[in-house]
file coords_17.cif (mmCIF, C-alpha atoms)
data_data
#
loop_
_atom_site.group_PDB
_atom_site.id
_atom_site.type_symbol
_atom_site.label_atom_id
_atom_site.label_comp_id
_atom_site.auth_asym_id
_atom_site.auth_seq_id
_atom_site.Cartn_x
_atom_site.Cartn_y
_atom_site.Cartn_z
ATOM 1 C CA MET A 1 100.115 104.243 102.446
ATOM 2 C CA SER A 2 100.145 103.129 98.834
ATOM 3 C CA SER A 3 98.985 99.655 97.982
ATOM 4 C CA ARG A 4 102.292 99.070 96.195
ATOM 5 C CA ARG A 5 104.231 99.707 99.400
ATOM 6 C CA ARG A 6 101.891 97.422 101.368
ATOM 7 C CA GLN A 7 102.451 94.697 98.770
ATOM 8 C CA GLN A 8 106.226 95.125 98.933
ATOM 9 C CA VAL A 9 106.324 94.950 102.723
ATOM 10 C CA GLY A 10 103.943 91.962 102.686
ATOM 11 C CA ASP A 11 106.146 90.101 100.216
ATOM 12 C CA LEU A 12 109.217 90.839 102.306
ATOM 13 C CA ILE A 13 107.507 89.581 105.466
ATOM 14 C CA ARG A 14 106.297 86.442 103.661
ATOM 15 C CA ASP A 15 109.822 85.639 102.489
ATOM 16 C CA HIS A 16 111.441 86.216 105.883
ATOM 17 C CA VAL A 17 108.761 84.388 107.891
ATOM 18 C CA SER A 18 109.026 81.416 105.505
ATOM 19 C CA GLU A 19 112.757 81.347 106.108
ATOM 20 C CA ILE A 20 112.262 81.633 109.887
ATOM 21 C CA LEU A 21 109.782 78.751 109.871
ATOM 22 C CA GLN A 22 112.219 76.535 107.984
ATOM 23 C CA THR A 23 115.394 77.367 109.892
ATOM 24 C CA GLU A 24 114.573 78.762 113.339
ATOM 25 C CA MET A 25 111.374 77.070 114.496
ATOM 26 C CA LYS A 26 111.749 73.703 116.202
ATOM 27 C CA ASP A 27 108.191 73.275 117.533
ATOM 28 C CA PRO A 28 107.013 69.680 116.929
ATOM 29 C CA ARG A 29 103.425 70.905 116.449
ATOM 30 C CA LEU A 30 104.454 72.633 113.229
ATOM 31 C CA GLY A 31 103.676 70.427 110.293
ATOM 32 C CA MET A 32 104.245 71.111 106.631
ATOM 33 C CA VAL A 33 103.343 74.791 106.558
ATOM 34 C CA SER A 34 103.818 77.452 103.913
ATOM 35 C CA ILE A 35 102.885 81.115 103.824
ATOM 36 C CA THR A 36 100.593 81.672 100.847
ATOM 37 C CA ARG A 37 100.000 85.410 101.130
ATOM 38 C CA VAL A 38 100.244 88.376 103.484
ATOM 39 C CA GLU A 39 97.710 91.152 103.912
ATOM 40 C CA MET A 40 99.003 94.361 105.463
ATOM 41 C CA SER A 41 96.938 97.034 107.197
ATOM 42 C CA PRO A 42 97.077 100.481 105.556
ATOM 43 C CA ASP A 43 99.403 101.794 108.293
ATOM 44 C CA LEU A 44 101.693 98.699 108.053
ATOM 45 C CA ARG A 45 101.262 97.927 111.754
ATOM 46 C CA TYR A 46 99.337 94.668 111.323
ATOM 47 C CA ALA A 47 100.099 91.725 109.077
ATOM 48 C CA THR A 48 97.762 88.799 108.501
ATOM 49 C CA LEU A 49 99.697 85.790 107.231
ATOM 50 C CA PHE A 50 97.637 83.189 105.417
ATOM 51 C CA THR A 51 99.110 79.727 105.752
ATOM 52 C CA SER A 52 98.552 76.464 103.969
ATOM 53 C CA VAL A 53 99.070 73.424 106.187
ATOM 54 C CA TYR A 54 99.389 69.884 104.898
ATOM 55 C CA GLY A 55 97.420 67.445 107.022
ATOM 56 C CA ASP A 56 94.006 66.818 108.499
ATOM 57 C CA GLU A 57 91.898 69.381 110.358
ATOM 58 C CA ASP A 58 93.448 68.589 113.761
ATOM 59 C CA GLU A 59 96.982 69.033 112.444
ATOM 60 C CA GLN A 60 95.990 72.289 110.773
ATOM 61 C CA GLN A 61 94.484 73.694 113.978
ATOM 62 C CA SER A 62 97.490 72.550 116.014
ATOM 63 C CA THR A 63 99.854 74.270 113.585
ATOM 64 C CA ILE A 64 97.859 77.518 113.638
ATOM 65 C CA GLN A 65 97.848 77.474 117.454
ATOM 66 C CA ALA A 66 101.612 76.903 117.505
ATOM 67 C CA LEU A 67 102.172 79.747 115.041
ATOM 68 C CA SER A 68 99.889 82.087 116.959
ATOM 69 C CA GLY A 69 101.737 81.288 120.173
ATOM 70 C CA ALA A 70 105.085 81.946 118.506
ATOM 71 C CA SER A 71 104.025 85.177 116.784
ATOM 72 C CA GLY A 72 105.937 87.333 119.300
ATOM 73 C CA TYR A 73 109.074 85.256 118.821
ATOM 74 C CA ILE A 74 108.723 85.433 115.030
ATOM 75 C CA ARG A 75 108.186 89.188 115.242
ATOM 76 C CA ARG A 76 111.361 89.535 117.317
ATOM 77 C CA LEU A 77 113.312 87.537 114.721
ATOM 78 C CA LEU A 78 111.894 89.741 111.969
ATOM 79 C CA ALA A 79 113.085 92.984 113.564
ATOM 80 C CA PRO A 80 116.754 92.830 112.500
ATOM 81 C CA ARG A 81 115.819 91.567 109.025
ATOM 82 C CA LEU A 82 113.382 94.342 108.121
ATOM 83 C CA ARG A 83 114.448 97.931 107.667
ATOM 84 C CA ILE A 84 111.166 99.549 108.593
ATOM 85 C CA ARG A 85 110.278 101.748 111.527
ATOM 86 C CA HIS A 86 107.601 99.531 113.074
ATOM 87 C CA ILE A 87 107.615 95.744 112.930
ATOM 88 C CA PRO A 88 103.978 94.756 112.362
ATOM 89 C CA SER A 89 101.965 92.604 114.737
ATOM 90 C CA ILE A 90 101.480 89.195 113.173
ATOM 91 C CA ARG A 91 98.310 87.121 112.958
ATOM 92 C CA PHE A 92 98.147 83.704 111.359
ATOM 93 C CA ARG A 93 95.084 82.493 109.483
ATOM 94 C CA LEU A 94 94.432 79.200 107.750
ATOM 95 C CA ASP A 95 94.192 79.542 103.969
ATOM 96 C CA HIS A 96 91.675 77.161 102.421
ATOM 97 C CA SER A 97 92.196 78.316 98.827
ATOM 98 C CA MET A 98 94.248 75.250 97.843
ATOM 99 C CA GLU A 99 91.584 72.898 99.219
ATOM 100 C CA HIS A 100 88.920 74.888 97.405
ATOM 101 C CA ALA A 101 90.859 74.700 94.116
ATOM 102 C CA GLU A 102 91.297 70.952 94.553
ATOM 103 C CA GLN A 103 87.553 70.526 95.171
ATOM 104 C CA ILE A 104 86.740 72.499 92.019
ATOM 105 C CA THR A 105 89.167 70.384 89.992
ATOM 106 C CA ARG A 106 87.599 67.170 91.304
ATOM 107 C CA THR A 107 84.116 68.436 90.485
ATOM 108 C CA LEU A 108 85.129 69.446 86.957
ATOM 109 C CA ASN A 109 86.741 66.060 86.378
ATOM 110 C CA GLU A 110 83.552 64.304 87.524
ATOM 111 C CA ILE A 111 81.236 66.260 85.217
ATOM 112 C CA GLN A 112 83.565 66.235 82.205
ATOM 113 C CA PRO A 113 82.399 63.545 79.778
ATOM 114 C CA SER A 114 84.933 60.824 79.415
ATOM 115 C CA ALA A 115 86.477 60.818 75.974
ATOM 116 C CA ASP A 116 86.075 57.372 74.423
ATOM 117 C CA PRO A 117 88.813 56.909 71.792
ATOM 118 C CA ASP A 118 86.642 54.512 69.697
ATOM 119 C CA SER A 119 83.740 56.952 69.446
ATOM 120 C CA THR A 120 86.070 59.780 68.401
ATOM 121 C CA GLU A 121 87.548 57.713 65.576
ATOM 122 C CA SER A 122 84.125 56.603 64.292
ATOM 123 C CA ASP A 123 82.907 60.222 64.326
ATOM 124 C CA GLN A 124 85.919 61.276 62.291
ATOM 125 C CA SER A 125 85.437 58.460 59.751
ATOM 126 C CA ASP A 126 81.762 59.421 59.364
ATOM 127 C CA ASN A 127 82.783 63.004 58.658
ATOM 128 C CA ASP A 128 85.365 61.816 56.110
ATOM 129 C CA ASP A 129 82.703 59.730 54.317
ATOM 130 C CA GLN A 130 80.387 62.731 54.012
ATOM 131 C CA ARG A 131 83.042 64.868 52.299
#
call {"tool": "encode", "arguments": {"input": "coords_17.cif", "output": "structure tokens"}}
result
Amino acid sequence: MSSRRRQQVGDLIRDHVSEILQTEMKDPRLGMVSITRVEMSPDLRYATLFTSVYGDEDEQQSTIQALSGASGYIRRLLAPRLRIRHIPSIRFRLDHSMEHAEQITRTLNEIQPSADPDSTESDQSDNDDQR
């Protein structure tokens, strides 16, 4: 199967599962969850949904357990929405990319020298005097 087709099906599944999570799921264990990306197997029979969950580690694990337990229900709700021969089996994984990006941003902000407005002005006036 072409990678373009896998991407298209993955995007479609991401959109529909996001809608299902917002409108159909009433599980109290589900926190603020969003589907960040979907990886499809080459034969389109398996979909790994990477999720970003707002909250601490316990809330994240609870949400992933709730989603994993509801994967059959979500798959059943997907069936009438997708026009493909086989509805893929769904696995949920926690996506740590947002946390990683935040950590990198914090680290860069810590090592970046603070710009002192007074020192910048004095450097510019020194350069003007030399001209």
call {"tool": "closest_residue", "arguments": {"input": "coords_17.cif", "among": "A:His16, A:Arg93, A:Arg6, A:Lys26", "to": "Arg75 of chain A", "atoms": "all atoms listed in the file"}}
result
A:His16
call {"tool": "resolve_selection", "arguments": {"input": "coords_17.cif", "expression": "the PyMOL selection byres ((chain A and resi 34) around 7)", "output": "ChimeraX atom specification"}}
result
/A:18,32-33,35-36,51-53
call {"tool": "closest_residue", "arguments": {"input": "coords_17.cif", "among": "A:Ile74, A:Met98, A:Ala47, A:Met25", "to": "Asp11 of chain A", "atoms": "all atoms listed in the file"}}
result
A:Ala47
call {"tool": "residues_around", "arguments": {"input": "coords_17.cif", "residues": "segment 99-102 of chain A", "least_positions_apart": "4", "cutoff": "12 Å", "atoms": "all atoms listed in the file", "output": "list in words"}}
result
Ser52, Val53, Tyr54, Gly55, Asp56, Glu57, Leu94, Asp95, Arg106, Thr107, Leu108 and Asn109 of chain A
call {"tool": "atom_distance", "arguments": {"input": "coords_17.cif", "atom1": "atom CA of Asp43 of chain A", "atom2": "atom CA of Ser71 of chain A"}}
result
19.2 Å
call {"tool": "residues_near_point", "arguments": {"input": "coords_17.cif", "point": "(97.9, 90.3, 104.9)", "cutoff": "6 Å", "atoms": "all atoms listed in the file", "output": "PyMOL selection string"}}
result
chain A and resi 38-40+47-49
call {"tool": "write_last_selection", "arguments": {"input": "coords_17.cif", "atoms": "C-alpha atoms", "output": "PDB file, in the coordinates of the input"}}
result
ATOM      1  CA  VAL A  38     100.244  88.376 103.484  1.00  0.00           C
ATOM      2  CA  GLU A  39      97.710  91.152 103.912  1.00  0.00           C
ATOM      3  CA  MET A  40      99.003  94.361 105.463  1.00  0.00           C
ATOM      4  CA  ALA A  47     100.099  91.725 109.077  1.00  0.00           C
ATOM      5  CA  THR A  48      97.762  88.799 108.501  1.00  0.00           C
ATOM      6  CA  LEU A  49      99.697  85.790 107.231  1.00  0.00           C
TER       7      LEU A  49
END
call {"tool": "closest_residue", "arguments": {"input": "coords_17.cif", "among": "A:Arg85, A:Gln60, A:Arg91, A:Thr23", "to": "Val9 of chain A", "atoms": "only C-alpha atoms"}}
result
A:Arg85
call {"tool": "atom_distance", "arguments": {"input": "coords_17.cif", "atom1": "atom CA of Gly72 of chain A", "atom2": "atom CA of Ser2 of chain A"}}
result
26.5 Å
